[in-house]
Amino acid sequence: MKITHQSVVSMDYTLKNKDGAVIDTSEGKTPLVFMYGSNQIISGLERELESLQSGDSKDVVVDPADAYGVRRDDLLDKVSITQFPDPEQVKVGAQFNAGTSQGERVCTVIDVAAEDVTLDFNHPLAGETLYFQVKIVDVREATADELAHGHVHSPNCQHGH
Ligand code: ZN
């Protein structure tokens, strides 16, 4: 069957950046399984999958605005290095969770000076154009239970039904 609203899709994928470096892939793992049209994958990829069927492959290029957003300078933050329990461990490129006024967010260290550390709260893939190669492995109708729950049930589903 063809992918349509609320189909259950199994899909192999490889995600590369503009330099051709692999960011993520299902290769060597199980395919990604998701309910189509349920905001479980990024919108710019999802809308390009409509009407594909098992065995179809497609290359999809997704602009930042339809992926993880554009980079925002106001998401950079400078904090004192004395706020870190172990300043020796604070290195450019390190990622960790930090409490913010919007709750816990992932940030990346982008600069370490003598007294200040600059943190970047943009998503690591913000501003990146994403290059997907996808292959549809299977498309099936969602079960009544899955439609009621709005997500896919696997054989080892943990939430009690
Ligand atoms: Zn469920």
# chains A, B, ... in the order shown; residues from 1 in each chain; ligands from 1
$ closest_atom_pairs --of "chain A" --to "ligand 1" --cutoff "7 Å" --atoms "only C-alpha atoms and all ligand atoms" --output "Markdown table"
| residue | atom | partner | partner_atom_place_in_ligand_line | distance |
| --- | --- | --- | --- | --- |
| A:Asp145 | CA | ligand 1 | 1 (Zn) | 6.9 |
| A:Glu146 | CA | ligand 1 | 1 (Zn) | 6.0 |
| A:His149 | CA | ligand 1 | 1 (Zn) | 4.8 |
| A:His151 | CA | ligand 1 | 1 (Zn) | 6.0 |
| A:Val152 | CA | ligand 1 | 1 (Zn) | 6.8 |
| A:His153 | CA | ligand 1 | 1 (Zn) | 5.9 |
| A:His159 | CA | ligand 1 | 1 (Zn) | 6.4 |
$ residues_around --residues "A:Thr129" --least-positions-apart "6" --cutoff "6 Å" --atoms "only C-alpha atoms" --output "number ranges by chain"
A: 62-64
$ write_last_selection --atoms "C-alpha atoms" --output "tab-separated table (two decimals), in the first residue's frame"
chain	number	residue	atom	x	y	z
A	62	VAL	CA	15.40	19.49	3.96
A	63	ASP	CA	16.07	23.18	4.61
A	64	PRO	CA	16.90	24.21	8.20
$ closest_residue --among "A:Gly28, A:Gly44, A:Gly55, A:Gly37" --to "A:Ile136" --atoms "only C-alpha atoms"
A:Gly55
$ closest_residue --among "A:Ala94, A:Leu119, A:Val33, A:Val70" --to "A:Val137" --atoms "only C-alpha atoms"
A:Val33
$ residues_around --residues "A:Ala126" --least-positions-apart "5" --cutoff "9 Å" --atoms "only C-alpha atoms" --output "list in words"
Pro64, Ala65, Ala67, Tyr68, Gly69, Val70, Arg71 and Arg72 of chain A
$ residues_around --residues "stretch 7-24 of chain A" --least-positions-apart "5" --cutoff "8 Å" --atoms "only C-alpha atoms" --output "list in words"
Thr30, Pro31, Leu32, Val33, Phe34, Met35, Tyr36, Glu128, Thr129, Leu130, Tyr131, Phe132, Gln133, Val134, Lys135, Ile136, Val137, Asp138, Val139, Arg140, Glu141, Ala142 and Val152 of chain A
$ write_last_selection --atoms "N, CA and C atoms" --output "tab-separated table (two decimals), in the first residue's frame"
chain	number	residue	atom	x	y	z
A	30	THR	N	17.72	-1.68	13.23
A	30	THR	CA	16.41	-1.95	12.66
A	30	THR	C	15.89	-0.68	12.00
A	31	PRO	N	15.00	-0.82	11.01
A	31	PRO	CA	14.44	0.38	10.37
A	31	PRO	C	13.69	1.24	11.40
A	32	LEU	N	13.56	2.50	11.07
A	32	LEU	CA	12.74	3.41	11.85
A	32	LEU	C	11.27	3.10	11.56
A	33	VAL	N	10.46	2.95	12.62
A	33	VAL	CA	9.04	2.69	12.45
A	33	VAL	C	8.26	3.85	13.05
A	34	PHE	N	7.35	4.42	12.29
A	34	PHE	CA	6.60	5.58	12.78
A	34	PHE	C	5.23	5.64	12.13
A	35	MET	N	4.34	6.40	12.77
A	35	MET	CA	3.01	6.60	12.21
A	35	MET	C	3.04	7.88	11.37
A	36	TYR	N	2.71	7.73	10.09
A	36	TYR	CA	2.80	8.87	9.18
A	36	TYR	C	1.79	9.95	9.57
A	128	GLU	N	21.51	23.61	9.77
A	128	GLU	CA	22.03	22.62	8.82
A	128	GLU	C	20.97	22.22	7.81
A	129	THR	N	21.35	22.18	6.55
A	129	THR	CA	20.51	21.55	5.55
A	129	THR	C	20.76	20.05	5.65
A	130	LEU	N	19.68	19.27	5.69
A	130	LEU	CA	19.79	17.83	5.91
A	130	LEU	C	19.57	17.07	4.60
A	131	TYR	N	20.40	16.08	4.37
A	131	TYR	CA	20.31	15.27	3.15
A	131	TYR	C	19.97	13.84	3.55
A	132	PHE	N	18.72	13.45	3.29
A	132	PHE	CA	18.26	12.11	3.64
A	132	PHE	C	18.25	11.21	2.40
A	133	GLN	N	18.67	9.97	2.59
A	133	GLN	CA	18.40	8.92	1.61
A	133	GLN	C	17.51	7.93	2.35
A	134	VAL	N	16.30	7.73	1.84
A	134	VAL	CA	15.39	6.83	2.54
A	134	VAL	C	14.97	5.68	1.63
A	135	LYS	N	14.68	4.55	2.26
A	135	LYS	CA	14.13	3.40	1.53
A	135	LYS	C	12.97	2.87	2.35
A	136	ILE	N	11.80	2.81	1.72
A	136	ILE	CA	10.61	2.33	2.42
A	136	ILE	C	10.66	0.81	2.47
A	137	VAL	N	10.64	0.27	3.69
A	137	VAL	CA	10.73	-1.17	3.89
A	137	VAL	C	9.34	-1.79	3.95
A	138	ASP	N	8.41	-1.11	4.60
A	138	ASP	CA	7.07	-1.66	4.76
A	138	ASP	C	6.07	-0.54	5.04
A	139	VAL	N	4.87	-0.72	4.53
A	139	VAL	CA	3.78	0.21	4.83
A	139	VAL	C	2.56	-0.64	5.19
A	140	ARG	N	1.94	-0.36	6.30
A	140	ARG	CA	0.72	-1.09	6.67
A	140	ARG	C	-0.28	-0.13	7.30
A	141	GLU	N	-1.53	-0.61	7.39
A	141	GLU	CA	-2.56	0.17	8.08
A	141	GLU	C	-2.29	0.11	9.58
A	142	ALA	N	-2.56	1.19	10.27
A	142	ALA	CA	-2.48	1.16	11.72
A	142	ALA	C	-3.65	0.34	12.27
A	152	VAL	N	2.76	3.85	17.17
A	152	VAL	CA	2.90	2.47	16.72
A	152	VAL	C	3.13	1.54	17.91
$ select_by_dssp --residues "stretch 4-161 of chain A" --states "strand (DSSP E or B)" --output "ChimeraX atom specification"
/A:8-16,22-25,32-35,53,57-62,76-80,95-100,103-112,116-120,130-140
$ closest_residue --among "A:His123, A:Lys2, A:Lys78, A:Lys91" --to "A:Glu50" --atoms "only C-alpha atoms"
A:Lys2
$ residues_around --residues "A:Phe84" --least-positions-apart "3" --cutoff "12 Å" --atoms "only C-alpha atoms" --output "list in words"
Val79, Ser80, Ile81, Pro87, Glu88, Gln89, Val90, Lys91, Phe96, Ala98, Val109, Val112, Glu115, Asp116 and Val117 of chain A
$ write_last_selection --atoms "C-alpha atoms" --output "tab-separated table (two decimals), in the first residue's frame"
chain	number	residue	atom	x	y	z
A	79	VAL	CA	28.58	31.91	32.13
A	80	SER	CA	31.37	32.09	34.66
A	81	ILE	CA	33.72	29.14	34.64
A	87	PRO	CA	36.51	23.47	35.13
A	88	GLU	CA	39.25	21.20	33.77
A	89	GLN	CA	36.58	19.15	32.00
A	90	VAL	CA	35.05	22.14	30.20
A	91	LYS	CA	36.22	21.81	26.60
A	96	PHE	CA	25.59	18.66	28.50
A	98	ALA	CA	21.71	22.73	31.63
A	109	VAL	CA	30.46	24.59	24.76
A	112	VAL	CA	36.37	28.68	26.85
A	115	GLU	CA	36.92	33.32	33.25
A	116	ASP	CA	33.94	32.75	30.95
A	117	VAL	CA	32.48	29.85	29.06
$ closest_residue --among "A:Ser26, A:Gly93, A:Gln6, A:Gln53" --to "A:Gln40" --atoms "only C-alpha atoms"
A:Gln6
$ select_by_dssp --residues "chain A" --states "alpha helix (DSSP H)" --output "PyMOL selection string"
chain A and resi 43-46+144-149
$ write_last_selection --atoms "all heavy atoms" --output "PDB file, in the first residue's frame"
ATOM      1  N   SER A  43       9.120  17.555   9.809  1.00  0.00           N
ATOM      2  CA  SER A  43       8.057  17.825   8.840  1.00  0.00           C
ATOM      3  C   SER A  43       8.562  17.861   7.399  1.00  0.00           C
ATOM      4  O   SER A  43       7.898  17.379   6.486  1.00  0.00           O
ATOM      5  CB  SER A  43       7.368  19.147   9.185  1.00  0.00           C
ATOM      6  OG  SER A  43       8.305  20.211   9.128  1.00  0.00           O
ATOM      7  N   GLY A  44       9.740  18.433   7.194  1.00  0.00           N
ATOM      8  CA  GLY A  44      10.258  18.571   5.827  1.00  0.00           C
ATOM      9  C   GLY A  44      10.564  17.236   5.178  1.00  0.00           C
ATOM     10  O   GLY A  44      10.548  17.111   3.949  1.00  0.00           O
ATOM     11  N   LEU A  45      10.843  16.226   5.985  1.00  0.00           N
ATOM     12  CA  LEU A  45      11.048  14.876   5.449  1.00  0.00           C
ATOM     13  C   LEU A  45       9.701  14.183   5.257  1.00  0.00           C
ATOM     14  O   LEU A  45       9.423  13.595   4.214  1.00  0.00           O
ATOM     15  CB  LEU A  45      11.926  14.058   6.410  1.00  0.00           C
ATOM     16  CG  LEU A  45      12.117  12.579   6.049  1.00  0.00           C
ATOM     17  CD1 LEU A  45      12.780  12.418   4.681  1.00  0.00           C
ATOM     18  CD2 LEU A  45      12.942  11.865   7.118  1.00  0.00           C
ATOM     19  N   GLU A  46       8.850  14.294   6.277  1.00  0.00           N
ATOM     20  CA  GLU A  46       7.586  13.565   6.252  1.00  0.00           C
ATOM     21  C   GLU A  46       6.751  13.887   5.004  1.00  0.00           C
ATOM     22  O   GLU A  46       6.240  12.996   4.344  1.00  0.00           O
ATOM     23  CB  GLU A  46       6.797  13.891   7.516  1.00  0.00           C
ATOM     24  CG  GLU A  46       5.526  13.061   7.645  1.00  0.00           C
ATOM     25  CD  GLU A  46       4.997  13.059   9.068  1.00  0.00           C
ATOM     26  OE1 GLU A  46       4.668  14.137   9.571  1.00  0.00           O
ATOM     27  OE2 GLU A  46       4.905  11.966   9.660  1.00  0.00           O
ATOM     28  N   ALA A 144      -6.594  -0.501  15.194  1.00  0.00           N
ATOM     29  CA  ALA A 144      -7.520   0.379  15.912  1.00  0.00           C
ATOM     30  C   ALA A 144      -6.874   0.912  17.192  1.00  0.00           C
ATOM     31  O   ALA A 144      -7.015   2.089  17.536  1.00  0.00           O
ATOM     32  CB  ALA A 144      -8.806  -0.368  16.239  1.00  0.00           C
ATOM     33  N   ASP A 145      -6.140   0.019  17.889  1.00  0.00           N
ATOM     34  CA  ASP A 145      -5.429   0.437  19.110  1.00  0.00           C
ATOM     35  C   ASP A 145      -4.408   1.530  18.822  1.00  0.00           C
ATOM     36  O   ASP A 145      -4.289   2.506  19.555  1.00  0.00           O
ATOM     37  CB  ASP A 145      -4.669  -0.767  19.701  1.00  0.00           C
ATOM     38  CG  ASP A 145      -5.381  -1.363  20.894  1.00  0.00           C
ATOM     39  OD1 ASP A 145      -6.443  -0.816  21.281  1.00  0.00           O
ATOM     40  OD2 ASP A 145      -4.878  -2.364  21.426  1.00  0.00           O
ATOM     41  N   GLU A 146      -3.653   1.322  17.753  1.00  0.00           N
ATOM     42  CA  GLU A 146      -2.618   2.300  17.402  1.00  0.00           C
ATOM     43  C   GLU A 146      -3.237   3.655  17.052  1.00  0.00           C
ATOM     44  O   GLU A 146      -2.735   4.707  17.443  1.00  0.00           O
ATOM     45  CB  GLU A 146      -1.773   1.782  16.235  1.00  0.00           C
ATOM     46  CG  GLU A 146      -0.843   0.654  16.644  1.00  0.00           C
ATOM     47  CD  GLU A 146      -0.133   0.010  15.465  1.00  0.00           C
ATOM     48  OE1 GLU A 146      -0.711  -0.047  14.357  1.00  0.00           O
ATOM     49  OE2 GLU A 146       1.009  -0.441  15.661  1.00  0.00           O
ATOM     50  N   LEU A 147      -4.361   3.609  16.304  1.00  0.00           N
ATOM     51  CA  LEU A 147      -5.024   4.867  15.958  1.00  0.00           C
ATOM     52  C   LEU A 147      -5.524   5.579  17.209  1.00  0.00           C
ATOM     53  O   LEU A 147      -5.424   6.789  17.339  1.00  0.00           O
ATOM     54  CB  LEU A 147      -6.182   4.597  14.996  1.00  0.00           C
ATOM     55  CG  LEU A 147      -5.758   4.159  13.588  1.00  0.00           C
ATOM     56  CD1 LEU A 147      -6.978   3.765  12.773  1.00  0.00           C
ATOM     57  CD2 LEU A 147      -4.974   5.246  12.879  1.00  0.00           C
ATOM     58  N   ALA A 148      -6.044   4.790  18.151  1.00  0.00           N
ATOM     59  CA  ALA A 148      -6.557   5.386  19.387  1.00  0.00           C
ATOM     60  C   ALA A 148      -5.433   6.022  20.197  1.00  0.00           C
ATOM     61  O   ALA A 148      -5.623   7.063  20.823  1.00  0.00           O
ATOM     62  CB  ALA A 148      -7.274   4.327  20.221  1.00  0.00           C
ATOM     63  N   HIS A 149      -4.249   5.390  20.148  1.00  0.00           N
ATOM     64  CA  HIS A 149      -3.124   5.901  20.936  1.00  0.00           C
ATOM     65  C   HIS A 149      -2.291   6.935  20.179  1.00  0.00           C
ATOM     66  O   HIS A 149      -1.503   7.655  20.792  1.00  0.00           O
ATOM     67  CB  HIS A 149      -2.193   4.749  21.348  1.00  0.00           C
ATOM     68  CG  HIS A 149      -2.776   3.862  22.404  1.00  0.00           C
ATOM     69  ND1 HIS A 149      -2.034   3.361  23.443  1.00  0.00           N
ATOM     70  CD2 HIS A 149      -4.033   3.385  22.574  1.00  0.00           C
ATOM     71  CE1 HIS A 149      -2.813   2.612  24.211  1.00  0.00           C
ATOM     72  NE2 HIS A 149      -4.026   2.606  23.707  1.00  0.00           N
TER      73      HIS A 149
END
$ atom_distance --atom1 "atom CA of A:Thr82" --atom2 "atom CA of A:Ala113"
11.8 Å
$ closest_residue --among "A:Leu52, A:His5, A:Cys157, A:Thr118" --to "A:Ser38" --atoms "only C-alpha atoms"
A:His5
$ closest_residue --among "A:Met1, A:Asn39, A:Leu76, A:Pro124" --to "A:Asp56" --atoms "only C-alpha atoms"
A:Met1
$ atom_distance --atom1 "atom CA of A:Phe121" --atom2 "atom CA of A:Asp77"
7.7 Å
